[in-house]
Amino acid sequence: MAFTRATGKHRRPSSMKRATRRTVGVAALATTGVVGTLAAPAFAAESSVEQTGLTKAVIIGDSVAEEIDAQAAAQQQAADEAAAREKAEADAKKRAEEAAAKAKKEREVKVRAAREAERKRLNAYVSPITGSYVSTGYKAGGAVWSSGSHTGIDFHAASGTAVRAVGSGTVVEAGWGGAYGNQVVIKMTDGTFTQYGHLSSIGVSVGQTVTPGQQIALSGATGNVTGAHLHFEARATAEYGSDMDPVGYLRSHGVNV
């Protein structure tokens, strides 16, 4: 009897069927004992391929993980370096600000000290002749004075000796003063007046401000005198007759006379 195949398109077995067949074939060969010689190599080959693919996947996974770890470490290092730079910059800025504040404070202290020193200097008093002494005292009597007594004190000084303002003030008179010869009268900052007479030359002018120890003239023997010296008076006003004790006046301002 002849068998005939049904007409129509024939399809290859599906992968599931092929796999099933292989399994059945392997089982059959195992039953007959052939599997050890014939089926084993084929099975081993398929198993080797599958294992190789798994190994590749594991290797690729490890490589990606290592790359991610490296990137994370690099990012962390960059972040640490950036934080260190920021901290260093902040510390440097803080030190600069502290140094600037310290320098400013030191400048302010120096300025205050300089101002205080200048204030003290301007309020200080000195002797009108450096290193000299009183040769004729206040209220000394004699015919040489029109008032009958000395209205000031005389400092020993050779002609041409520097005459200095005893304190801060403004020149109100500078010129000829009759019996006083060439004279300078200064209104002091405390409202009192000082007078310097018998000068050989005058170095200041009316309206000029002077400071303690500033040279204003040279001593001499002009006016009604018997020899070179400096006549010095302390007055309540600029006018003659308002005189005060010059020694007491200078001593009250810290001058040792």
# chains A, B, ... in the order shown; residues from 1 in each chain; ligands from 1
$ residues_around --residues "Lys187 in chain A" --least-positions-apart "4" --cutoff "8 Å" --atoms "only C-alpha atoms" --output "NGL selection string"
:A and (169-172 or 191-194 or 238)
$ closest_atom_pairs --of "range 174-206 of chain A" --to "range 112-127 of chain A" --cutoff "12 Å" --atoms "only C-alpha atoms" --output "CSV"
residue,atom,partner,partner_atom,distance
A:Met188,CA,A:Asn123,CA,10.0
A:Thr189,CA,A:Asn123,CA,8.3
A:Asp190,CA,A:Asn123,CA,9.3
A:Thr194,CA,A:Tyr125,CA,11.7
A:Tyr196,CA,A:Ser127,CA,11.8
$ closest_residue --among "A:Val111, A:Ala179, A:Val247, A:Val225" --to "Gly152 in chain A" --atoms "only C-alpha atoms"
A:Val247
$ select_by_dssp --residues "range 123-173 of chain A" --states "strand (DSSP E or B)" --output "ChimeraX atom specification"
/A:134-136,141,149,153-155,162-164,169-173
$ write_last_selection --atoms "C-alpha atoms" --output "short mmCIF file (atom, residue, chain, number, x, y, z; two decimals), in the first residue's frame"
data_model
loop_
_atom_site.label_atom_id
_atom_site.label_comp_id
_atom_site.auth_asym_id
_atom_site.auth_seq_id
_atom_site.Cartn_x
_atom_site.Cartn_y
_atom_site.Cartn_z
CA VAL A 134 65.58 134.78 85.23
CA SER A 135 68.07 137.59 85.72
CA THR A 136 65.58 140.19 87.02
CA GLY A 141 61.90 148.22 92.00
CA SER A 149 58.62 148.40 89.33
CA ILE A 153 60.81 139.21 84.17
CA ASP A 154 64.10 139.33 82.28
CA PHE A 155 65.70 136.20 80.85
CA ALA A 162 66.27 132.45 69.58
CA VAL A 163 63.07 133.64 71.29
CA ARG A 164 60.22 131.13 71.28
CA GLY A 169 48.23 131.47 70.19
CA THR A 170 47.82 134.24 67.62
CA VAL A 171 50.11 137.21 67.14
CA VAL A 172 48.25 140.47 67.88
CA GLU A 173 51.24 142.85 67.88
#
$ select_by_dssp --residues "range 35-212 of chain A" --states "helix (DSSP H, G or I)" --output "PyMOL selection string"
chain A and resi 35-123+178-180
$ atom_distance --atom1 "CA of Gly181 in chain A" --atom2 "CA of Ser252 in chain A"
28.1 Å
$ closest_residue --among "A:Ala101, A:Ala92, A:Val185, A:Ala82" --to "Tyr240 in chain A" --atoms "only C-alpha atoms"
A:Val185
